[in-house]
Amino acid sequence: VPDKFSYVKFGESSQQIATSSINLIIPGRLHSAKGHLFFLRIFAEIVKEYPDRLKLVIAGGGILQHEIESYITSNNLEEIVTITGFISNDDLLKQLITADFVIIPSHSEGLGIVAIEALMLGKTVVASNTGGLKEVFTHGKNGYLFEAGNFESCLNLLKNILSNYPSSLLPIAELREDYMQRFSFESYIKQFEALLKKGNEGINTL
């Protein structure tokens with residue numbers, strides 16, 4: 001029986017995986033907390049089911065780059081996995097735009113600025129349920145979540161999403177609207193004004 005993060009029911013009209021490639025991206029610095037090697041193990045497993053179909057971009061640089069490159073080479077993934085190295089935020093956003101799914105497999109994470117940026121762009125995010133990520137995403141509504149560090153949870157979720165592609169892509173307009181309602185500058189101003197109003201009401205009742 002799959003856990004609550006490994007299964008999402010799609011409509012009966014879900015289409016079979018398309019003939020074009022499916023582009024995944026992991027954004028962020030190459031650090032052990034970000035879960036790159038964890039996800040690469042899963043990617044190496046699932047790519048066997050979709051030969052010549054999946055592409056992965058690791059958008060970032062850091063202390064683990066040599067180790068990650070060694071893993072890619074030893075598992076014959078050089079043709080489908082690309083590491084950009086350190087890039088500017090503008091270039092990162094350009095990379096995110098080209099992706100079908102944004103993968104955030106962190107073992108630990110704060111608020112997750114790149115997760116919010118992906119939401120802003122209307123991108124479907126697959127993330128671990130650690131730290132602030134579970135505050136940004138609700139599973140099956142504005143993203144997909146798996147148990148942080150759990151190989152089977154992530155693998156099963158990814159299989160489910162890929163087998164239902166492109167129906168598993170979440171509506172771009174709804175994702176952008178979610179960003180506007182919760183994370184845009186305008187929304188922060190409204191929240192701040194609401195806090196001030198609440199504080200003033202509390203003072204007036206003293």
# chains A, B, ... in the order shown; residues from 1 in each chain; ligands from 1
>>> closest_atom_pairs(of="segment 76-184 of chain A", to="segment 54-66 of chain A", cutoff="7 Å", atoms="only C-alpha atoms", output="JSON lines")
{"residue": "A:Ile80", "atom": "CA", "partner": "A:Lys55", "partner_atom": "CA", "distance": 4.9}
{"residue": "A:Val81", "atom": "CA", "partner": "A:Leu56", "partner_atom": "CA", "distance": 4.7}
{"residue": "A:Thr82", "atom": "CA", "partner": "A:Val57", "partner_atom": "CA", "distance": 4.8}
{"residue": "A:Ile83", "atom": "CA", "partner": "A:Ile58", "partner_atom": "CA", "distance": 4.7}
{"residue": "A:Thr84", "atom": "CA", "partner": "A:Ala59", "partner_atom": "CA", "distance": 5.2}
{"residue": "A:Gly85", "atom": "CA", "partner": "A:Gly61", "partner_atom": "CA", "distance": 4.1}
{"residue": "A:Phe86", "atom": "CA", "partner": "A:Gly61", "partner_atom": "CA", "distance": 4.4}
{"residue": "A:Ile87", "atom": "CA", "partner": "A:Gly60", "partner_atom": "CA", "distance": 6.2}
{"residue": "A:Leu92", "atom": "CA", "partner": "A:Ala59", "partner_atom": "CA", "distance": 6.8}
>>> residues_around(residues="Asp90 of chain A", least_positions_apart="4", cutoff="12 Å", atoms="only C-alpha atoms", output="list in words")
Ala59, Phe86, Lys94, Gln95, Leu96, Ile97, Val114 and Glu117 of chain A
>>> closest_atom_pairs(of="segment 146-166 of chain A", to="segment 31-47 of chain A", cutoff="8 Å", atoms="only C-alpha atoms", output="JSON lines")
{"residue": "A:Gly149", "atom": "CA", "partner": "A:Phe38", "partner_atom": "CA", "distance": 7.3}
{"residue": "A:Phe151", "atom": "CA", "partner": "A:Ile42", "partner_atom": "CA", "distance": 7.1}
{"residue": "A:Cys154", "atom": "CA", "partner": "A:Ile42", "partner_atom": "CA", "distance": 7.6}
{"residue": "A:Leu155", "atom": "CA", "partner": "A:Ile42", "partner_atom": "CA", "distance": 6.0}
{"residue": "A:Lys159", "atom": "CA", "partner": "A:Ile46", "partner_atom": "CA", "distance": 7.3}
>>> closest_atom_pairs(of="segment 110-197 of chain A", to="segment 48-52 of chain A", cutoff="12 Å", atoms="only C-alpha atoms", output="Markdown table")
| residue | atom | partner | partner_atom | distance |
| --- | --- | --- | --- | --- |
| A:Leu158 | CA | A:Glu49 | CA | 11.7 |
| A:Lys159 | CA | A:Glu49 | CA | 9.2 |
| A:Leu162 | CA | A:Tyr50 | CA | 9.1 |
| A:Ser163 | CA | A:Tyr50 | CA | 9.7 |
>>> write_last_selection(atoms="C-alpha atoms", output="PDB file, in the first residue's frame")
ATOM      1  CA  LEU A 158       8.174   9.844  -9.664  1.00  0.00           C
ATOM      2  CA  LYS A 159       6.958   6.693 -11.422  1.00  0.00           C
ATOM      3  CA  LEU A 162       5.954  10.143 -15.247  1.00  0.00           C
ATOM      4  CA  SER A 163       3.491   7.403 -16.195  1.00  0.00           C
TER       5      SER A 163
END
>>> residues_around(residues="Asp100 of chain A", least_positions_apart="2", cutoff="8 Å", atoms="only C-alpha atoms", output="CSV table (one decimal) with N, CA, C and O atoms, in the first residue's frame")
chain,number,residue,atom,x,y,z
A,22,ILE,N,11.3,14.5,-21.6
A,22,ILE,CA,10.8,15.1,-20.4
A,22,ILE,C,11.9,15.7,-19.6
A,22,ILE,O,12.9,15.0,-19.3
A,23,ASN,N,11.9,17.0,-19.4
A,23,ASN,CA,13.0,17.7,-18.8
A,23,ASN,C,12.8,17.9,-17.3
A,23,ASN,O,11.8,18.6,-16.9
A,24,LEU,N,13.8,17.4,-16.5
A,24,LEU,CA,13.8,17.6,-15.1
A,24,LEU,C,14.9,18.6,-14.7
A,24,LEU,O,16.0,18.6,-15.4
A,98,THR,N,12.6,26.2,-18.9
A,98,THR,CA,12.6,25.1,-19.9
A,98,THR,C,12.3,23.8,-19.3
A,98,THR,O,12.1,22.8,-20.1
A,102,VAL,N,10.4,20.6,-11.7
A,102,VAL,CA,11.5,21.1,-10.9
A,102,VAL,C,11.6,20.2,-9.7
A,102,VAL,O,10.6,20.0,-8.9
A,123,LYS,N,5.7,26.4,-12.6
A,123,LYS,CA,6.3,25.1,-12.8
A,123,LYS,C,5.8,24.0,-11.8
A,123,LYS,O,5.6,24.3,-10.6
A,124,THR,N,5.7,22.8,-12.2
A,124,THR,CA,5.3,21.7,-11.4
A,124,THR,C,6.5,21.2,-10.6
A,124,THR,O,7.5,20.8,-11.2
A,169,LEU,N,1.2,17.3,-15.1
A,169,LEU,CA,1.7,18.7,-15.0
A,169,LEU,C,0.5,19.5,-14.4
A,169,LEU,O,-0.6,19.4,-14.9
>>> residues_around(residues="segment 127-137 of chain A", least_positions_apart="3", cutoff="9 Å", atoms="only C-alpha atoms", output="PyMOL selection string")
chain A and resi 5+102-112+115-116+119+140-150+154
>>> atom_distance(atom1="atom CA of Gly122 of chain A", atom2="atom CA of Gln181 of chain A")
13.3 Å
>>> select_by_dssp(residues="chain A", states="strand (DSSP E or B)", output="PyMOL selection string")
chain A and resi 22-27+54-59+81-83+101-104+124-128+139+143-146
>>> write_last_selection(atoms="N, CA, C and O atoms", output="short mmCIF file (atom, residue, chain, number, x, y, z; two decimals), in the first residue's frame")
data_model
loop_
_atom_site.label_atom_id
_atom_site.label_comp_id
_atom_site.auth_asym_id
_atom_site.auth_seq_id
_atom_site.Cartn_x
_atom_site.Cartn_y
_atom_site.Cartn_z
N ILE A 22 11.29 14.46 -21.57
CA ILE A 22 10.76 15.10 -20.36
C ILE A 22 11.95 15.69 -19.62
O ILE A 22 12.90 14.98 -19.30
N ASN A 23 11.87 16.99 -19.37
CA ASN A 23 13.01 17.70 -18.79
C ASN A 23 12.82 17.94 -17.30
O ASN A 23 11.84 18.57 -16.88
N LEU A 24 13.76 17.43 -16.52
CA LEU A 24 13.78 17.64 -15.08
C LEU A 24 14.93 18.57 -14.73
O LEU A 24 15.96 18.58 -15.40
N ILE A 25 14.78 19.33 -13.64
CA ILE A 25 15.86 20.18 -13.19
C ILE A 25 15.94 20.17 -11.67
O ILE A 25 14.91 20.20 -11.00
N ILE A 26 17.14 20.06 -11.14
CA ILE A 26 17.38 20.24 -9.71
C ILE A 26 18.14 21.56 -9.56
O ILE A 26 19.31 21.65 -9.95
N PRO A 27 17.52 22.58 -9.01
CA PRO A 27 18.21 23.86 -8.83
C PRO A 27 18.87 23.95 -7.45
O PRO A 27 18.40 23.35 -6.49
N LEU A 54 14.21 10.83 -20.73
CA LEU A 54 14.40 11.75 -19.62
C LEU A 54 15.71 12.54 -19.76
O LEU A 54 16.73 12.00 -20.14
N LYS A 55 15.63 13.82 -19.41
CA LYS A 55 16.79 14.69 -19.37
C LYS A 55 16.81 15.37 -17.99
O LYS A 55 15.77 15.80 -17.50
N LEU A 56 17.99 15.46 -17.42
CA LEU A 56 18.12 16.09 -16.10
C LEU A 56 19.20 17.16 -16.13
O LEU A 56 20.32 16.90 -16.58
N VAL A 57 18.85 18.34 -15.66
CA VAL A 57 19.82 19.42 -15.50
C VAL A 57 20.01 19.67 -14.01
O VAL A 57 19.03 19.84 -13.27
N ILE A 58 21.26 19.66 -13.57
CA ILE A 58 21.60 20.04 -12.21
C ILE A 58 22.14 21.45 -12.28
O ILE A 58 23.25 21.68 -12.75
N ALA A 59 21.31 22.41 -11.88
CA ALA A 59 21.63 23.83 -12.08
C ALA A 59 22.25 24.42 -10.83
O ALA A 59 21.55 24.88 -9.92
N VAL A 81 22.38 13.78 -18.32
CA VAL A 81 22.49 14.63 -17.13
C VAL A 81 23.54 15.71 -17.38
O VAL A 81 24.66 15.41 -17.77
N THR A 82 23.16 16.95 -17.14
CA THR A 82 24.05 18.09 -17.33
C THR A 82 24.19 18.86 -16.03
O THR A 82 23.20 19.10 -15.33
N ILE A 83 25.43 19.23 -15.69
CA ILE A 83 25.69 20.09 -14.53
C ILE A 83 26.12 21.45 -15.06
O ILE A 83 27.11 21.55 -15.80
N PHE A 101 9.49 19.49 -14.95
CA PHE A 101 9.37 19.30 -13.51
C PHE A 101 10.60 19.86 -12.81
O PHE A 101 11.73 19.62 -13.23
N VAL A 102 10.37 20.59 -11.73
CA VAL A 102 11.45 21.09 -10.88
C VAL A 102 11.55 20.16 -9.68
O VAL A 102 10.57 19.96 -8.95
N ILE A 103 12.73 19.57 -9.49
CA ILE A 103 12.94 18.59 -8.42
C ILE A 103 13.70 19.25 -7.28
O ILE A 103 14.77 19.83 -7.48
N ILE A 104 13.16 19.14 -6.07
CA ILE A 104 13.84 19.68 -4.88
C ILE A 104 13.90 18.56 -3.84
O ILE A 104 13.01 18.42 -3.00
N THR A 124 5.66 22.81 -12.23
CA THR A 124 5.27 21.70 -11.36
C THR A 124 6.49 21.23 -10.58
O THR A 124 7.49 20.83 -11.15
N VAL A 125 6.38 21.28 -9.27
CA VAL A 125 7.51 20.95 -8.38
C VAL A 125 7.29 19.60 -7.72
O VAL A 125 6.19 19.28 -7.27
N VAL A 126 8.35 18.81 -7.69
CA VAL A 126 8.39 17.55 -6.95
C VAL A 126 9.42 17.75 -5.84
O VAL A 126 10.61 17.93 -6.13
N ALA A 127 8.99 17.74 -4.60
CA ALA A 127 9.88 18.11 -3.50
C ALA A 127 9.75 17.16 -2.31
O ALA A 127 8.74 16.48 -2.15
N SER A 128 10.78 17.16 -1.49
CA SER A 128 10.70 16.43 -0.23
C SER A 128 9.84 17.25 0.74
O SER A 128 9.63 18.45 0.55
N HIS A 139 0.52 18.62 -1.18
CA HIS A 139 0.65 17.50 -2.11
C HIS A 139 -0.57 17.33 -3.01
O HIS A 139 -1.70 17.26 -2.53
N GLY A 143 1.80 21.13 -5.97
CA GLY A 143 3.08 20.45 -6.11
C GLY A 143 2.93 19.01 -5.65
O GLY A 143 1.83 18.57 -5.29
N TYR A 144 4.02 18.27 -5.69
CA TYR A 144 4.02 16.88 -5.24
C TYR A 144 5.10 16.71 -4.17
O TYR A 144 6.22 17.20 -4.34
N LEU A 145 4.76 16.02 -3.09
CA LEU A 145 5.70 15.82 -1.99
C LEU A 145 5.98 14.34 -1.75
O LEU A 145 5.10 13.50 -1.92
N PHE A 146 7.23 14.05 -1.37
CA PHE A 146 7.59 12.70 -0.93
C PHE A 146 8.30 12.81 0.41
O PHE A 146 8.76 13.89 0.80
#
>>> residues_around(residues="Lys9 of chain A", least_positions_apart="5", cutoff="10 Å", atoms="only C-alpha atoms", output="list in words")
Ser14, Gly140, Asn160, Ile161, Asn164 and Ser168 of chain A
>>> closest_residue(among="A:Ser88, A:Phe10, A:Arg53, A:Glu67", to="Leu170 of chain A", atoms="only C-alpha atoms")
A:Phe10
>>> closest_residue(among="A:Arg29, A:Pro171, A:Leu157, A:Glu186", to="Asn89 of chain A", atoms="only C-alpha atoms")
A:Arg29
>>> select_by_dssp(residues="chain A", states="helix (DSSP H, G or I)", output="ChimeraX atom specification")
/A:32-34,36-46,65-74,89-98,113-120,133-136,151-163,172-182,185-204
>>> atom_distance(atom1="atom CA of Met120 of chain A", atom2="atom CA of Met180 of chain A")
7.6 Å
>>> atom_distance(atom1="atom CA of Tyr165 of chain A", atom2="atom CA of Tyr179 of chain A")
23.2 Å
>>> closest_residue(among="A:Thr73, A:Ile113, A:Gly28, A:Leu121", to="Glu177 of chain A", atoms="only C-alpha atoms")
A:Leu121
